[in-house]
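A quick write-up on the structure given underneath.
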Amino acid sequence: MTAPIPRDIPDLPAVPGMSALLPSHVPAAAVVAPARRPLTAAFRLLTALLAAAGVTIEILLGSPLRVLSLFTTQASVLLALVLVASARRAWSARRPLPGGLTGAVLLYVVITGLVYHLLLANAASPFAMTGTTAAPTGWHAVSNHLLHTAVPAAAVLDWLLLTPPGRLHLRQAATWLVYPLAYLTFSLTRGELLLPDTPGGRYLYPFLDVDADGYKSVLGNALLLGLAIYALAVLLVALDHARPNPIRHRAKTGFRLQPPVG
């Protein structure tokens with residue numbers, strides 16, 4: 001038989017030199033065991049190989065310097081490098097790459113697909129290249145579809161189906177414009193340094209052709225395109241926070257809480 005616990009025991013005084021414990025937020029990575037994702041790694045590696053294959057075909061069939069100067073080529077190379085690193089982390093159960101980096105390359109490859117299909121390959125567009133250049137055939141057609149359709153679509157699928165949401169932030173949208181702005185500077189500088197009779201023209205895209213439209217129109221086109229890119233970046237951030245989580249891991253903390261007895 002146990003004696004009843006008295007109810008009038010005074011509170012014990014605080015021990016000198018001992019501060020109260022403050023609540024701390026423990027990251028999920030500290031309590032949830034990382035999991036290997038081989039299927040995710042395989043898909044990302046395959047997408048990187050498709051991007052590398054498209055770039056390689058273009059280099060072999062055309063002028064390497066001109067091909068490497070294209071926004072599409074540079075964005076595809078960046079995507080391939082990021083996806084290889086991301087695939088390695090998914091295979092070895094390591095923390096994913098920063099969302100700011102993966103969101104940037106996603107934005108750039110989506111830009112390549114949209115600009116090509118809406119502006120360059122669209123006969124109704126004022127910048128359509130369908131009337132000035134012949135449609136690509138053979139291996140050119142293969143690389144064209146890879147870089148402008150298959151790779152951007154695969155990058156979007158990876159983001160929607162294989163990446164946890166909420167990793168993109170609005171403050172990153174402005175920083176993602178640094179590379180397009182640097183590319184605009186590079187493209188205009190390159191055009192000024194080349195001779196007027198350069199094969200294929202001095203400027204890589206019709207909306208950046210100073211010879212045809214002058215600097216005033218080109219800078220206006222660049223401003224409108226920059227605003228569209230920023231709007232697309234904001235849209236990606238908003239969708240990233242609104243979409244459901246395709247990856248759900250059951251937390252394994254090593255212990256199990258039992259309900260109170262009695």
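Here, A, B, ... name the chains of the structure tokens in the order displayed, residue numbers run from 1 inside each chain, and ligands are numbered from 1 in the same displayed order.
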
Using 12 Å as the limit and counting only C-alpha atoms, can you tabulate each residue of stretch 151-217 of chain A that touches stretch 38-48 of chain A, with its shortest atom-to-atom distance in Å and the two atoms involved, as CSV?
```
residue,atom,partner,partner_atom,distance
A:Val151,CA,A:Thr47,CA,6.4
A:Pro152,CA,A:Thr47,CA,9.3
A:Ala153,CA,A:Thr47,CA,9.7
A:Ala154,CA,A:Thr47,CA,6.5
A:Ala155,CA,A:Thr47,CA,7.4
A:Val156,CA,A:Thr47,CA,10.9
A:Leu157,CA,A:Phe43,CA,9.9
A:Asp158,CA,A:Arg44,CA,7.4
A:Trp159,CA,A:Arg44,CA,10.4
A:Leu161,CA,A:Thr40,CA,9.4
A:Leu162,CA,A:Thr40,CA,6.5
A:Thr163,CA,A:Thr40,CA,9.1
```

Include N, CA and C atoms and write out the residues we just selected as a short mmCIF file (atom, residue, chain, number, x, y, z; two decimals), in the first residue's frame.
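Result file part-v3.cif:
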```cif
data_model
loop_
_atom_site.label_atom_id
_atom_site.label_comp_id
_atom_site.auth_asym_id
_atom_site.auth_seq_id
_atom_site.Cartn_x
_atom_site.Cartn_y
_atom_site.Cartn_z
N VAL A 151 13.55 18.07 -73.59
CA VAL A 151 14.29 18.42 -72.37
C VAL A 151 13.51 19.39 -71.49
N PRO A 152 12.92 20.49 -72.02
CA PRO A 152 12.10 21.33 -71.14
C PRO A 152 10.93 20.59 -70.51
N ALA A 153 10.27 19.72 -71.28
CA ALA A 153 9.15 18.96 -70.72
C ALA A 153 9.63 18.03 -69.61
N ALA A 154 10.76 17.38 -69.81
CA ALA A 154 11.30 16.48 -68.78
C ALA A 154 11.69 17.26 -67.52
N ALA A 155 12.24 18.46 -67.69
CA ALA A 155 12.60 19.28 -66.53
C ALA A 155 11.37 19.68 -65.74
N VAL A 156 10.29 20.02 -66.43
CA VAL A 156 9.04 20.37 -65.74
C VAL A 156 8.46 19.16 -65.00
N LEU A 157 8.51 17.99 -65.62
CA LEU A 157 8.01 16.78 -64.97
C LEU A 157 8.84 16.45 -63.74
N ASP A 158 10.13 16.62 -63.82
CA ASP A 158 10.98 16.37 -62.65
C ASP A 158 10.61 17.31 -61.51
N TRP A 159 10.34 18.57 -61.84
CA TRP A 159 9.95 19.54 -60.81
C TRP A 159 8.59 19.20 -60.21
N LEU A 161 6.85 16.20 -60.25
CA LEU A 161 6.62 14.85 -59.75
C LEU A 161 7.72 14.32 -58.84
N LEU A 162 8.91 14.90 -58.91
CA LEU A 162 10.05 14.32 -58.18
C LEU A 162 10.72 15.29 -57.23
N THR A 163 10.17 16.50 -57.10
CA THR A 163 10.79 17.52 -56.25
C THR A 163 9.78 17.99 -55.21
#
```

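Atom pair atom CA of A:His145 / atom CA of A:Leu184 has a distance of 24.2 Å (rounded to one decimal).
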
Separation of atom CA of A:Ser125 from atom CA of A:Leu79 in Å: 27.5 Å

For stretch 104-117 of chain A: contacts at 10 Å, only C-alpha atoms, fewer than 4 positions along chain excluded, given as JSON, numbers by chain: {"A": [71, 72, 73, 74, 75, 76, 77, 78, 79, 80, 81, 82, 83, 99, 100, 121, 122, 123, 125, 127, 128, 129, 144, 145, 147, 148, 149, 150, 151, 152, 153, 155, 156, 158, 159, 168, 172, 173, 175, 176, 177, 179, 180, 225, 228, 229, 230, 232, 233, 236]}

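Going from atom CA of A:Leu188 to atom CA of A:Leu65 covers 15.5 Å.
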
Expected answer as a PyMOL selection string: alpha helix (DSSP H) residues in stretch 87-250 of chain A: chain A and resi 87-91+99-115+138-145+151-162+170-175+178-193+210-242
